[in-house]
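File shown: model-v6.cif. Contents: mmCIF, C-alpha atoms and all ligand atoms.
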```
data_work
loop_
_atom_site.label_atom_id
_atom_site.label_comp_id
_atom_site.auth_asym_id
_atom_site.auth_seq_id
_atom_site.Cartn_x
_atom_site.Cartn_y
_atom_site.Cartn_z
CA MET A 1 -67.47 42.37 83.79
CA THR A 2 -65.44 42.12 80.60
CA ASP A 3 -65.70 39.42 77.97
CA LEU A 4 -63.22 36.72 78.82
CA PRO A 5 -61.33 35.22 75.89
CA ASN A 6 -63.33 32.25 74.74
CA VAL A 7 -60.51 29.75 74.60
CA LEU A 8 -59.92 26.65 76.62
CA THR A 9 -56.84 26.78 78.77
CA ALA A 10 -54.42 24.29 77.26
CA PRO A 11 -53.85 21.12 79.33
CA ALA A 12 -50.89 21.28 81.68
CA ALA A 13 -47.38 21.02 80.27
CA LYS A 14 -46.55 17.58 78.97
CA PRO A 15 -44.92 15.16 81.38
CA ASN A 16 -41.66 13.55 80.40
CA LEU A 17 -43.38 10.55 78.84
CA SER A 18 -44.17 9.40 75.34
CA VAL A 19 -47.19 11.57 74.97
CA VAL A 20 -48.17 13.12 71.65
CA ARG A 21 -51.07 15.41 70.94
CA ILE A 22 -52.23 15.90 67.38
CA PRO A 23 -55.23 18.23 67.43
CA ARG A 24 -55.41 18.83 63.66
CA ALA A 25 -56.92 15.39 63.10
CA TRP A 26 -60.18 13.44 63.09
CA TYR A 27 -61.09 11.24 66.07
CA ILE A 28 -64.22 9.22 66.75
CA ALA A 29 -66.36 10.90 69.43
CA CYS A 30 -69.08 8.24 69.59
CA ALA A 31 -71.05 5.71 67.60
CA ALA A 32 -73.77 7.38 65.53
CA GLY A 33 -76.45 5.45 67.43
CA GLU A 34 -75.30 6.90 70.79
CA LEU A 35 -76.29 10.37 69.66
CA ARG A 36 -80.05 10.67 69.86
CA GLY A 37 -82.29 13.13 71.69
CA ARG A 38 -79.94 14.07 74.51
CA PRO A 39 -76.63 15.92 74.40
CA LEU A 40 -73.60 13.71 74.97
CA ALA A 41 -70.46 14.68 76.92
CA VAL A 42 -67.22 13.34 75.42
CA THR A 43 -63.58 14.13 76.22
CA ILE A 44 -60.94 14.07 73.49
CA LEU A 45 -57.31 15.12 74.04
CA GLY A 46 -58.35 16.33 77.50
CA THR A 47 -60.90 18.74 75.99
CA PRO A 48 -64.52 18.37 77.14
CA LEU A 49 -66.93 18.42 74.21
CA VAL A 50 -70.70 18.26 73.95
CA LEU A 51 -72.23 16.53 70.97
CA PHE A 52 -75.83 16.89 69.96
CA ARG A 53 -78.10 16.13 67.06
CA GLY A 54 -80.76 18.62 65.99
CA THR A 55 -84.22 17.44 65.00
CA GLU A 56 -83.15 17.45 61.33
CA GLY A 57 -80.55 14.83 62.22
CA ARG A 58 -77.31 16.77 61.78
CA ALA A 59 -74.67 16.11 64.43
CA ALA A 60 -72.73 19.01 65.97
CA ALA A 61 -69.86 19.31 68.46
CA LEU A 62 -69.17 22.29 70.74
CA LEU A 63 -66.79 22.95 73.59
CA ASP A 64 -68.67 21.75 76.67
CA ARG A 65 -68.67 25.12 78.41
CA CYS A 66 -71.45 27.66 78.18
CA ALA A 67 -70.16 31.06 77.12
CA HIS A 68 -72.32 32.72 79.79
CA ARG A 69 -71.33 31.26 83.17
CA ASN A 70 -69.38 28.19 82.12
CA VAL A 71 -71.89 25.51 83.05
CA PRO A 72 -71.36 22.35 80.96
CA LEU A 73 -73.68 22.54 78.00
CA SER A 74 -74.05 18.75 78.16
CA LEU A 75 -76.38 19.33 81.15
CA GLY A 76 -78.81 21.08 78.84
CA LYS A 77 -81.24 19.81 76.26
CA VAL A 78 -81.81 19.87 72.54
CA GLU A 79 -84.52 22.25 71.32
CA GLY A 80 -85.04 21.93 67.58
CA GLU A 81 -81.68 22.62 65.95
CA ARG A 82 -80.26 24.25 69.08
CA LEU A 83 -78.69 23.24 72.34
CA GLN A 84 -80.16 24.98 75.37
CA CYS A 85 -78.03 25.55 78.47
CA ALA A 86 -79.53 24.20 81.71
CA TYR A 87 -78.75 27.34 83.77
CA HIS A 88 -80.19 30.48 82.11
CA GLY A 89 -81.44 28.91 78.92
CA TRP A 90 -79.11 30.43 76.33
CA ARG A 91 -79.54 28.58 73.06
CA PHE A 92 -76.63 27.79 70.75
CA ASP A 93 -76.77 26.51 67.20
CA GLY A 94 -74.47 23.81 65.80
CA GLY A 95 -71.93 26.48 64.83
CA GLY A 96 -71.70 27.66 68.46
CA VAL A 97 -73.56 30.94 67.82
CA CYS A 98 -75.95 32.10 70.56
CA ARG A 99 -79.40 32.44 68.96
CA ALA A 100 -81.67 33.09 71.96
CA ILE A 101 -81.34 34.47 75.50
CA PRO A 102 -84.49 34.21 77.64
CA GLY A 103 -85.59 37.60 78.99
CA LEU A 104 -83.16 39.68 76.95
CA CYS A 105 -84.79 42.52 74.98
CA GLY A 106 -82.58 42.74 71.94
CA GLU A 107 -80.23 40.62 69.90
CA ALA A 108 -79.07 37.33 71.37
CA GLU A 109 -76.09 37.11 69.05
CA GLY A 110 -73.13 39.17 70.14
CA ARG A 111 -69.38 39.39 70.49
CA GLY A 112 -68.05 36.75 72.85
CA ARG A 113 -71.42 34.99 73.14
CA ARG A 114 -70.08 32.08 71.20
CA VAL A 115 -68.89 28.61 71.99
CA PRO A 116 -66.07 27.11 69.90
CA ALA A 117 -67.50 24.64 67.37
CA TYR A 118 -65.67 21.59 66.01
CA PRO A 119 -66.16 20.23 62.48
CA VAL A 120 -68.11 16.93 62.47
CA ARG A 121 -68.53 14.07 59.98
CA GLU A 122 -70.82 11.10 60.30
CA LEU A 123 -69.43 8.10 58.41
CA ASP A 124 -69.65 4.29 58.62
CA GLY A 125 -71.78 4.53 61.77
CA TYR A 126 -69.38 6.82 63.69
CA VAL A 127 -69.39 10.50 64.58
CA TRP A 128 -65.93 11.97 63.91
CA VAL A 129 -64.71 15.29 65.29
CA TRP A 130 -61.87 17.43 63.90
CA MET A 131 -60.10 18.53 67.06
CA ASP A 132 -59.02 21.96 65.83
CA PRO A 133 -62.11 24.17 66.41
CA GLU A 134 -63.22 26.85 63.98
CA THR A 135 -60.90 25.60 61.23
CA GLU A 136 -61.48 23.94 57.88
CA PRO A 137 -60.27 20.31 57.89
CA ASP A 138 -57.71 19.67 55.14
CA ARG A 139 -58.59 15.96 54.88
CA GLU A 140 -61.44 13.53 55.58
CA PRO A 141 -61.70 10.83 58.28
CA TYR A 142 -60.54 7.24 57.88
CA ARG A 143 -63.07 4.96 56.16
CA LEU A 144 -63.90 1.30 56.72
CA GLY A 145 -62.91 -0.05 53.32
CA LEU A 146 -64.75 -3.40 53.48
CA ASP A 147 -67.87 -2.44 55.44
CA GLY A 148 -71.01 -3.14 53.42
CA LYS A 149 -69.19 -4.92 50.56
CA PRO A 150 -70.98 -8.02 49.24
CA GLY A 151 -70.13 -11.10 51.30
CA TYR A 152 -68.69 -9.11 54.22
CA ALA A 153 -70.10 -8.63 57.70
CA THR A 154 -68.94 -6.12 60.31
CA VAL A 155 -68.85 -6.37 64.09
CA HIS A 156 -68.31 -3.22 66.16
CA ARG A 157 -66.99 -2.94 69.70
CA ARG A 158 -65.86 -0.11 71.95
CA VAL A 159 -63.25 -0.70 74.67
CA VAL A 160 -61.25 1.55 76.98
CA ALA A 161 -57.48 1.10 76.98
CA PRO A 162 -55.67 2.46 80.04
CA GLY A 163 -52.61 3.67 78.13
CA THR A 164 -51.17 6.49 76.06
CA LEU A 165 -52.09 6.62 72.40
CA HIS A 166 -48.66 5.30 71.42
CA ALA A 167 -48.67 2.41 73.92
CA THR A 168 -52.21 1.43 72.91
CA VAL A 169 -51.52 1.48 69.19
CA GLU A 170 -48.20 -0.34 69.57
CA ASN A 171 -49.98 -3.02 71.60
CA ALA A 172 -52.63 -3.48 68.90
CA LEU A 173 -49.90 -4.09 66.30
CA ASP A 174 -47.29 -5.85 68.42
CA VAL A 175 -46.74 -9.42 67.20
CA PRO A 176 -44.16 -10.76 69.74
CA HIS A 177 -46.48 -10.49 72.76
CA THR A 178 -49.28 -12.45 71.08
CA ALA A 179 -47.55 -15.82 71.45
CA PHE A 180 -46.66 -15.04 75.04
CA LEU A 181 -49.37 -12.98 76.72
CA HIS A 182 -52.15 -14.56 74.65
CA ALA A 183 -50.58 -18.03 74.44
CA GLY A 184 -53.06 -20.57 73.11
CA LEU A 185 -55.72 -18.01 72.22
CA PHE A 186 -54.10 -16.55 69.15
CA ARG A 187 -50.58 -17.76 68.60
CA GLY A 188 -48.18 -19.84 70.63
CA ALA A 189 -50.06 -23.14 70.71
CA GLY A 190 -47.53 -25.07 68.59
CA GLU A 191 -43.88 -24.88 67.58
CA PRO A 192 -42.79 -21.35 66.63
CA ASN A 193 -42.40 -20.64 62.91
CA LEU A 194 -39.76 -18.52 61.23
CA ILE A 195 -41.42 -15.71 59.28
CA GLU A 196 -40.26 -12.52 57.61
CA ALA A 197 -41.67 -9.01 57.77
CA THR A 198 -41.00 -6.15 55.39
CA VAL A 199 -41.64 -2.74 56.93
CA ARG A 200 -42.67 0.02 54.56
CA ARG A 201 -43.15 3.69 55.30
CA PHE A 202 -45.76 5.70 53.37
CA PRO A 203 -46.33 9.44 53.93
CA ASP A 204 -49.18 8.93 56.44
CA ARG A 205 -48.66 5.32 57.50
CA VAL A 206 -46.30 2.47 58.19
CA GLU A 207 -46.99 -1.14 57.23
CA ALA A 208 -45.49 -4.49 58.17
CA ASP A 209 -46.04 -7.14 55.49
CA TYR A 210 -45.57 -10.66 56.89
CA GLN A 211 -44.53 -13.57 54.71
CA GLY A 212 -44.33 -17.27 55.43
CA GLU A 213 -46.78 -17.26 58.29
CA PRO A 214 -48.82 -20.45 58.69
CA ARG A 215 -52.41 -20.18 59.85
CA PRO A 216 -52.38 -19.18 63.54
CA GLU A 217 -52.58 -22.41 65.56
CA GLY A 218 -54.61 -21.07 68.47
CA LEU A 219 -58.34 -21.41 68.85
CA ALA A 220 -58.96 -18.17 66.95
CA GLY A 221 -56.94 -19.44 63.96
CA ARG A 222 -58.84 -22.73 63.83
CA ILE A 223 -62.14 -20.87 63.77
CA LEU A 224 -61.03 -18.28 61.21
CA ALA A 225 -59.77 -20.77 58.67
CA PRO A 226 -60.71 -24.35 59.46
CA GLY A 227 -59.22 -25.52 56.15
CA GLY A 228 -55.88 -23.77 56.65
CA GLY A 229 -54.13 -22.38 53.56
CA VAL A 230 -51.58 -19.71 52.72
CA VAL A 231 -51.71 -16.72 55.02
CA ARG A 232 -51.11 -13.10 54.02
CA HIS A 233 -50.89 -10.75 56.94
CA TRP A 234 -50.40 -6.98 57.14
CA ASP A 235 -50.23 -4.72 60.17
CA ARG A 236 -50.62 -1.00 59.56
CA PHE A 237 -50.57 2.17 61.54
CA ILE A 238 -52.34 5.08 59.82
CA LEU A 239 -52.10 8.60 61.21
CA PRO A 240 -53.26 9.91 63.54
CA SER A 241 -54.52 6.88 65.50
CA ILE A 242 -55.69 3.97 63.35
CA SER A 243 -54.33 0.45 63.52
CA GLU A 244 -55.26 -2.17 60.96
CA VAL A 245 -54.61 -5.89 61.17
CA GLU A 246 -55.49 -7.66 57.94
CA TYR A 247 -55.44 -11.39 57.25
CA ALA A 248 -56.17 -13.17 54.00
CA ILE A 249 -56.18 -16.94 54.51
CA GLY A 250 -56.55 -19.53 51.78
CA GLU A 251 -58.98 -18.86 48.93
CA ASP A 252 -61.67 -16.83 50.56
CA ALA A 253 -61.14 -16.03 54.23
CA HIS A 254 -60.49 -12.32 54.66
CA ILE A 255 -60.55 -10.32 57.86
CA LEU A 256 -59.70 -6.68 58.53
CA VAL A 257 -59.63 -5.38 62.08
CA SER A 258 -59.62 -1.58 62.28
CA ALA A 259 -58.97 -0.19 65.74
CA MET A 260 -59.72 3.53 65.64
CA ALA A 261 -58.21 5.14 68.73
CA THR A 262 -59.47 8.28 70.40
CA PRO A 263 -57.07 9.80 72.94
CA VAL A 264 -59.38 10.77 75.82
CA SER A 265 -56.47 12.13 77.82
CA ASP A 266 -52.70 11.62 77.82
CA PHE A 267 -53.12 8.29 79.64
CA GLU A 268 -56.44 6.91 78.51
CA THR A 269 -57.45 5.87 75.02
CA VAL A 270 -60.78 4.62 73.71
CA LEU A 271 -60.68 2.06 70.92
CA HIS A 272 -63.55 1.76 68.49
CA ALA A 273 -62.90 -1.57 66.83
CA ALA A 274 -64.61 -2.63 63.62
CA VAL A 275 -63.99 -6.17 62.42
CA CYS A 276 -64.96 -6.61 58.75
CA PHE A 277 -64.80 -10.22 57.62
CA ARG A 278 -65.67 -12.73 54.92
CA LEU A 279 -65.44 -16.25 56.30
CA ARG A 280 -66.83 -19.66 55.46
CA ILE A 281 -68.55 -20.01 58.81
CA PRO A 282 -71.85 -18.18 59.43
CA THR A 283 -71.73 -14.66 60.84
CA TRP A 284 -73.73 -15.51 63.97
CA LEU A 285 -71.22 -18.24 64.81
CA VAL A 286 -68.30 -15.86 64.31
CA ARG A 287 -69.94 -13.38 66.67
CA ALA A 288 -70.85 -15.99 69.25
CA VAL A 289 -67.44 -17.67 69.34
CA LEU A 290 -64.99 -14.90 68.50
CA THR A 291 -66.46 -12.10 70.63
CA PRO A 292 -65.65 -13.74 73.99
CA ILE A 293 -62.16 -14.71 72.73
CA ALA A 294 -61.50 -11.16 71.47
CA LEU A 295 -62.68 -9.70 74.76
CA ARG A 296 -60.51 -12.13 76.72
CA ILE A 297 -57.50 -11.15 74.57
CA PHE A 298 -58.28 -7.47 75.06
CA GLY A 299 -58.67 -7.96 78.82
CA GLN A 300 -55.14 -9.39 78.95
CA ASP A 301 -53.86 -6.43 76.92
CA ALA A 302 -55.70 -3.85 79.05
CA ARG A 303 -54.19 -5.31 82.21
CA MET A 304 -50.66 -4.99 80.80
CA LEU A 305 -51.32 -1.47 79.48
CA ARG A 306 -52.54 -0.35 82.89
CA HIS A 307 -49.49 -1.78 84.70
CA GLN A 308 -47.17 -0.35 82.02
CA ARG A 309 -48.72 3.11 82.34
CA ASP A 310 -48.64 3.07 86.14
CA THR A 311 -45.01 1.92 86.23
CA ILE A 312 -43.91 4.55 83.71
CA ARG A 313 -45.62 7.23 85.76
CA ARG A 314 -44.16 5.97 89.01
CA PHE A 315 -40.66 6.10 87.52
CA GLY A 316 -41.30 9.50 85.94
CA GLY A 317 -40.76 8.37 82.34
CA GLU A 318 -39.99 5.55 79.95
CA GLN A 319 -36.74 3.68 79.64
CA TYR A 320 -37.37 1.25 76.81
CA VAL A 321 -35.01 -1.25 75.23
CA SER A 322 -36.03 -2.65 71.85
CA THR A 323 -34.85 -5.36 69.47
CA ASP A 324 -35.45 -6.11 65.80
CA ILE A 325 -38.75 -7.81 66.49
CA ASP A 326 -40.33 -4.73 68.12
CA ILE A 327 -41.30 -4.00 64.58
CA LEU A 328 -43.72 -1.08 64.50
CA GLY A 329 -43.33 0.69 67.87
CA GLY A 330 -40.40 2.87 66.74
CA PRO A 331 -41.79 3.82 63.31
CA ILE A 332 -45.22 4.63 64.86
CA TRP A 333 -43.56 6.93 67.38
CA ARG A 334 -41.60 8.73 64.65
CA LEU A 335 -44.75 9.18 62.55
CA LEU A 336 -46.67 10.59 65.50
CA LYS A 337 -43.87 13.04 66.29
CA GLU A 338 -43.62 14.17 62.67
CA ALA A 339 -47.39 14.73 62.58
CA GLU A 340 -47.28 16.63 65.87
CA ARG A 341 -44.57 18.93 64.49
CA GLY A 342 -46.38 19.25 61.12
CA GLU A 343 -43.36 17.76 59.31
CA LEU A 344 -44.92 14.92 57.30
CA PRO A 345 -43.64 14.22 53.80
CA PRO A 346 -45.90 15.26 50.89
CA ALA A 347 -48.86 12.93 50.24
CA ASP A 348 -47.35 11.79 46.91
CA ALA A 349 -43.95 10.87 48.37
CA PRO A 350 -43.04 7.31 47.28
CA PRO A 351 -43.08 4.47 49.83
CA GLU A 352 -39.78 3.49 51.38
CA VAL A 353 -38.71 0.06 52.66
CA LEU A 354 -37.47 0.65 56.22
CA ARG A 355 -36.19 -2.86 56.87
CA THR A 356 -36.79 -6.58 56.58
CA VAL A 357 -36.91 -8.57 59.79
CA SER A 358 -36.96 -12.30 60.60
CA LEU A 359 -38.85 -13.43 63.65
CA ARG A 360 -40.18 -16.60 65.26
CA VAL A 361 -43.87 -16.63 66.13
S1 LIG A 401 -74.51 29.43 82.23
FE1 LIG A 401 -75.39 28.85 80.41
S2 LIG A 401 -77.01 30.18 80.14
FE2 LIG A 401 -76.05 30.90 81.92
FE FE A 402 -52.58 -8.25 72.62
#
```

Show me this structure written as C-alpha cells.
Amino acid sequence: MTDLPNVLTAPAAKPNLSVVRIPRAWYIACAAGELRGRPLAVTILGTPLVLFRGTEGRAAALLDRCAHRNVPLSLGKVEGERLQCAYHGWRFDGGGVCRAIPGLCGEAEGRGRRVPAYPVRELDGYVWVWMDPETEPDREPYRLGLDGKPGYATVHRRVVAPGTLHATVENALDVPHTAFLHAGLFRGAGEPNLIEATVRRFPDRVEADYQGEPRPEGLAGRILAPGGGVVRHWDRFILPSISEVEYAIGEDAHILVSAMATPVSDFETVLHAAVCFRLRIPTWLVRAVLTPIALRIFGQDARMLRHQRDTIRRFGGEQYVSTDIDILGGPIWRLLKEAERGELPPADAPPEVLRTVSLRV
C-alpha cells in the first residue's frame, strides 16, 4: 500500500449562497479551561481538529485523522507531551510528528507518518487556531482590550448561531432589528430617536460611529446606566470574524461586547462572547440581571438566523434588498470577500469615510 497524500479533501464546492471561507486566519477553538487532560474534537471551517494539552501545559491542534488508518485522534488519550491514537497506539507530538509506534522495531518517524499541525495561541482565556496548517501566521489573534484593566469585569459566554458567518456577524451589529425583534428588551420601548451614524473603513475593519443616541430605553439600558447621560456608541467588524459593540454612557459607564465568531461549517457559527464592563452597579448584579436578558435576546436572534438560513437554502440562494439603514451588512461582506481573495489594502492605508446615515431607533 502506498502512502496516501496527507491532505484533507477540501469541502464540497461552495453553494450559491453568501458563504466565505478565510483559512489564513485565527479562530477560537475552545475556552482554555475546556482543554484539560482529554483530547477535544472541534470543527472549524468544516475541518475536524483535535486539540490537546501536554503535561507541560502547552496546547496543540492537529487534523483529527490518524495518519495510519484514519481513526479520529480525538478518541485517543494524552500521554505526556504526546497524543496516542486509540487504535494501534501511534503517538504524535504537538507538531504532528509520529514519535512512537508500538511493536515496530525501528524508527517511528517516517515519510507520510505525520498529521498536519495547526499553529495555536492561548490568549485571554481562549485557545486560538490558525486555520492554515504547517504555515507561519503573519499576524496575531484579536485581543480583549479591556479584560483585566482596573475597574473592569468580564463575563464570558459561548453560544451557537445557526447561520453563515456573514449572517451571524451582520446580526450582531444590525441596529434596525433591535427595536423590532427585541422590542422592550434593548431598544424600542419609547418614541424613536433620530440619530446619525458615520461609517468608516479601515484596512482590516469597518466601524459605525453613532451620534445623538439617548440611553437605550429598554430594561437593559436602565440597568446599564441608571443615571442616563450622553451615549457614545460604536459598532465594529474586525476581520476575519470579530464584532464589537461598544457603549460609553455618561461619566463612567463603559461596556465592550466582543463576539468572536468561529465558522464551524458554512451554515453554523459559534460565538464566543466576552463582555468587558465598568458600571456603577456591582458585578454580581450585572451578571444576575443581564445574563438572562442577553440570553433571551440571543434566543430571539438565533431563531431568526435559523429561519433565515433554512429559507435561503430552500430557495437556493439569497435575494436581499437593502436600504440606507442596513449599515454594516454590505461593508462586512465586501471586507470578507477581499480577505478571501487576499486583496486587502496595506495595513497602513488611511481610514476612509464610506457614508453618513440618519436613522430612527
Ligand atoms: S489508526 Fe491510529 S494508530 Fe492505527
Ligand atoms: Fe439581535

Checklist line | Neighbour list for Arg306 in chain A as a VMD selection string, cut-off 8 Å, all atoms listed in the file, skip fewer than 4 positions in-chain | finding: chain A and resid 161 to 163 302 310

Selected residues written out, C-alpha atoms, as a short mmCIF file (atom, residue, chain, number, x, y, z; two decimals), in the coordinates of the input:
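Saved to result-v2.cif:
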```
data_model
loop_
_atom_site.label_atom_id
_atom_site.label_comp_id
_atom_site.auth_asym_id
_atom_site.auth_seq_id
_atom_site.Cartn_x
_atom_site.Cartn_y
_atom_site.Cartn_z
CA ALA A 161 -57.48 1.10 76.98
CA PRO A 162 -55.67 2.46 80.04
CA GLY A 163 -52.61 3.67 78.13
CA ALA A 302 -55.70 -3.85 79.05
CA ASP A 310 -48.64 3.07 86.14
#
```

Note to self: Please determine, counting all atoms listed in the file, which residue among A:Val127, A:Val270, A:Ala248, A:Leu185 has the shortest atom-to-atom distance to Ala294 in chain A.
What the structure shows: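 Going through A:Val127, A:Val270, A:Ala248, A:Leu185 one by one, the smallest distance to Ala294 in chain A is for A:Leu185.
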
Check: Counting all atoms listed in the file, what is within 10 Å of range 358-360 of chain A, bar same-chain residues fewer than 5 positions away, as a list in words?
Finding: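 Near neighbours after the sequence-gap exclusion: Val175, Pro176, Ala179, Glu191, Pro192, Asn193, Leu194, Ile195, Glu196, Ala197, Thr198, Tyr210, Gln211, Glu213, Asp324, Ile325, Asp326 and Ile327 of chain A.
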
Item checked: Coordinates-based distance that separates CA of Leu63 in chain A from CA of Leu40 in chain A (Å, one decimal) ->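 One can read the CA of Leu40 in chain A to CA of Leu63 in chain A distance as 11.6 Å.
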
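Among all protein and nucleic acid residues, the ones that lie within 7 Å of ligand FE 402 (chain A) when counting all atoms listed in the file are Asn171, Ala172, His177, Thr178, His182, Ile297, Phe298, Gln300 and Asp301 of chain A.
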
Margin query: Report as a ChimeraX atom specification all protein, DNA and RNA residues lying within 12 Å of Thr47 in chain A, evaluated on all atoms listed in the file, omitting residues in the same chain fewer than 2 positions from it.
Written below: /A:7-12,21,23,29,41-45,49-50,61-65,116,118,129,131-133,262-266

Margin query: Neighbouring residues of ligand LIG 401 (chain A) are defined here as those with any atom at most 10 Å from a ligand atom, counting only C-alpha atoms and all ligand atoms; list them as a list in words.
Written below: Arg65, Cys66, Ala67, His68, Arg69, Asn70, Val71, Pro72, Leu73, Leu75, Gly76, Gln84, Cys85, Ala86, Tyr87, His88, Gly89, Trp90, Arg91, Phe92, Cys98, Ala100, Ile101 and Pro102 of chain A

Each residue of range 192-269 of chain A lying at most 12 Å from range 274-282 of chain A should get a row with its shortest atom-to-atom pair and the distance in Å to one decimal, counting only C-alpha atoms; could you produce that, ordered by chain and increasing number, as JSON lines?
```
{"residue": "A:Gly221", "atom": "CA", "partner": "A:Leu279", "partner_atom": "CA", "distance": 11.9}
{"residue": "A:Arg222", "atom": "CA", "partner": "A:Ile281", "partner_atom": "CA", "distance": 11.3}
{"residue": "A:Ile223", "atom": "CA", "partner": "A:Ile281", "partner_atom": "CA", "distance": 8.2}
{"residue": "A:Leu224", "atom": "CA", "partner": "A:Leu279", "partner_atom": "CA", "distance": 6.9}
{"residue": "A:Ala225", "atom": "CA", "partner": "A:Leu279", "partner_atom": "CA", "distance": 7.6}
{"residue": "A:Pro226", "atom": "CA", "partner": "A:Arg280", "partner_atom": "CA", "distance": 8.7}
{"residue": "A:Gly227", "atom": "CA", "partner": "A:Arg280", "partner_atom": "CA", "distance": 9.6}
{"residue": "A:Gly228", "atom": "CA", "partner": "A:Arg280", "partner_atom": "CA", "distance": 11.8}
{"residue": "A:Ile242", "atom": "CA", "partner": "A:Ala274", "partner_atom": "CA", "distance": 11.1}
{"residue": "A:Ser243", "atom": "CA", "partner": "A:Ala274", "partner_atom": "CA", "distance": 10.7}
{"residue": "A:Glu244", "atom": "CA", "partner": "A:Val275", "partner_atom": "CA", "distance": 9.7}
{"residue": "A:Val245", "atom": "CA", "partner": "A:Val275", "partner_atom": "CA", "distance": 9.5}
{"residue": "A:Glu246", "atom": "CA", "partner": "A:Cys276", "partner_atom": "CA", "distance": 9.6}
{"residue": "A:Tyr247", "atom": "CA", "partner": "A:Phe277", "partner_atom": "CA", "distance": 9.4}
{"residue": "A:Ala248", "atom": "CA", "partner": "A:Arg278", "partner_atom": "CA", "distance": 9.6}
{"residue": "A:Ile249", "atom": "CA", "partner": "A:Leu279", "partner_atom": "CA", "distance": 9.5}
{"residue": "A:Gly250", "atom": "CA", "partner": "A:Leu279", "partner_atom": "CA", "distance": 10.5}
{"residue": "A:Glu251", "atom": "CA", "partner": "A:Leu279", "partner_atom": "CA", "distance": 10.1}
{"residue": "A:Asp252", "atom": "CA", "partner": "A:Leu279", "partner_atom": "CA", "distance": 6.9}
{"residue": "A:Ala253", "atom": "CA", "partner": "A:Leu279", "partner_atom": "CA", "distance": 4.8}
{"residue": "A:His254", "atom": "CA", "partner": "A:Arg278", "partner_atom": "CA", "distance": 5.2}
{"residue": "A:Ile255", "atom": "CA", "partner": "A:Phe277", "partner_atom": "CA", "distance": 4.3}
{"residue": "A:Leu256", "atom": "CA", "partner": "A:Cys276", "partner_atom": "CA", "distance": 5.3}
{"residue": "A:Val257", "atom": "CA", "partner": "A:Val275", "partner_atom": "CA", "distance": 4.4}
{"residue": "A:Ser258", "atom": "CA", "partner": "A:Ala274", "partner_atom": "CA", "distance": 5.3}
{"residue": "A:Ala259", "atom": "CA", "partner": "A:Ala274", "partner_atom": "CA", "distance": 6.5}
{"residue": "A:Met260", "atom": "CA", "partner": "A:Ala274", "partner_atom": "CA", "distance": 8.1}
{"residue": "A:Ala261", "atom": "CA", "partner": "A:Ala274", "partner_atom": "CA", "distance": 11.3}
```

Check: Between A:Pro150, A:Gly112, A:Pro214, A:Pro203, which one has atoms that come closest to Ala349 in chain A, using all atoms listed in the file?
Finding: A:Pro203

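Of note, CA of Trp234 in chain A and CA of Leu173 in chain A are spaced 9.6 Å apart.
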
Next item on the list: Measure the distance from CA of Arg158 in chain A to CA of Leu271 in chain A in Å and round it to one decimal.
Entry: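 Interatomic distance, CA of Arg158 in chain A to CA of Leu271 in chain A: 5.7 Å.
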
Check: Quick one: of A:Arg24, A:Arg314, A:Lys337, A:Lys149, who's nearest to Trp130 in chain A, counting all atoms listed in the file?
Finding: A:Arg24

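Distances from A:Leu305, A:Val361, A:Ile22, A:Ile332 to Val199 in chain A were compared using all atoms listed in the file, and the smallest one belongs to A:Ile332.
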
Check: What's the 8 Å shell around Asp93 in chain A, counting all atoms listed in the file, without same-chain residues fewer than 5 positions away, as an MDAnalysis selection string?
Finding: chainID A and resid 81:83 98:99

Can you check which parts of range 34-124 of chain A lie within 12 Å of range 137-147 of chain A? Per residue, the shortest pair of atoms and distance in Å to one decimal, counting only C-alpha atoms, sorted by chain and number, as JSON lines.
```
{"residue": "A:Tyr118", "atom": "CA", "partner": "A:Pro137", "partner_atom": "CA", "distance": 9.8}
{"residue": "A:Pro119", "atom": "CA", "partner": "A:Pro137", "partner_atom": "CA", "distance": 7.5}
{"residue": "A:Val120", "atom": "CA", "partner": "A:Pro137", "partner_atom": "CA", "distance": 9.7}
{"residue": "A:Arg121", "atom": "CA", "partner": "A:Pro141", "partner_atom": "CA", "distance": 7.7}
{"residue": "A:Glu122", "atom": "CA", "partner": "A:Pro141", "partner_atom": "CA", "distance": 9.3}
{"residue": "A:Leu123", "atom": "CA", "partner": "A:Arg143", "partner_atom": "CA", "distance": 7.4}
{"residue": "A:Asp124", "atom": "CA", "partner": "A:Leu144", "partner_atom": "CA", "distance": 6.8}
```
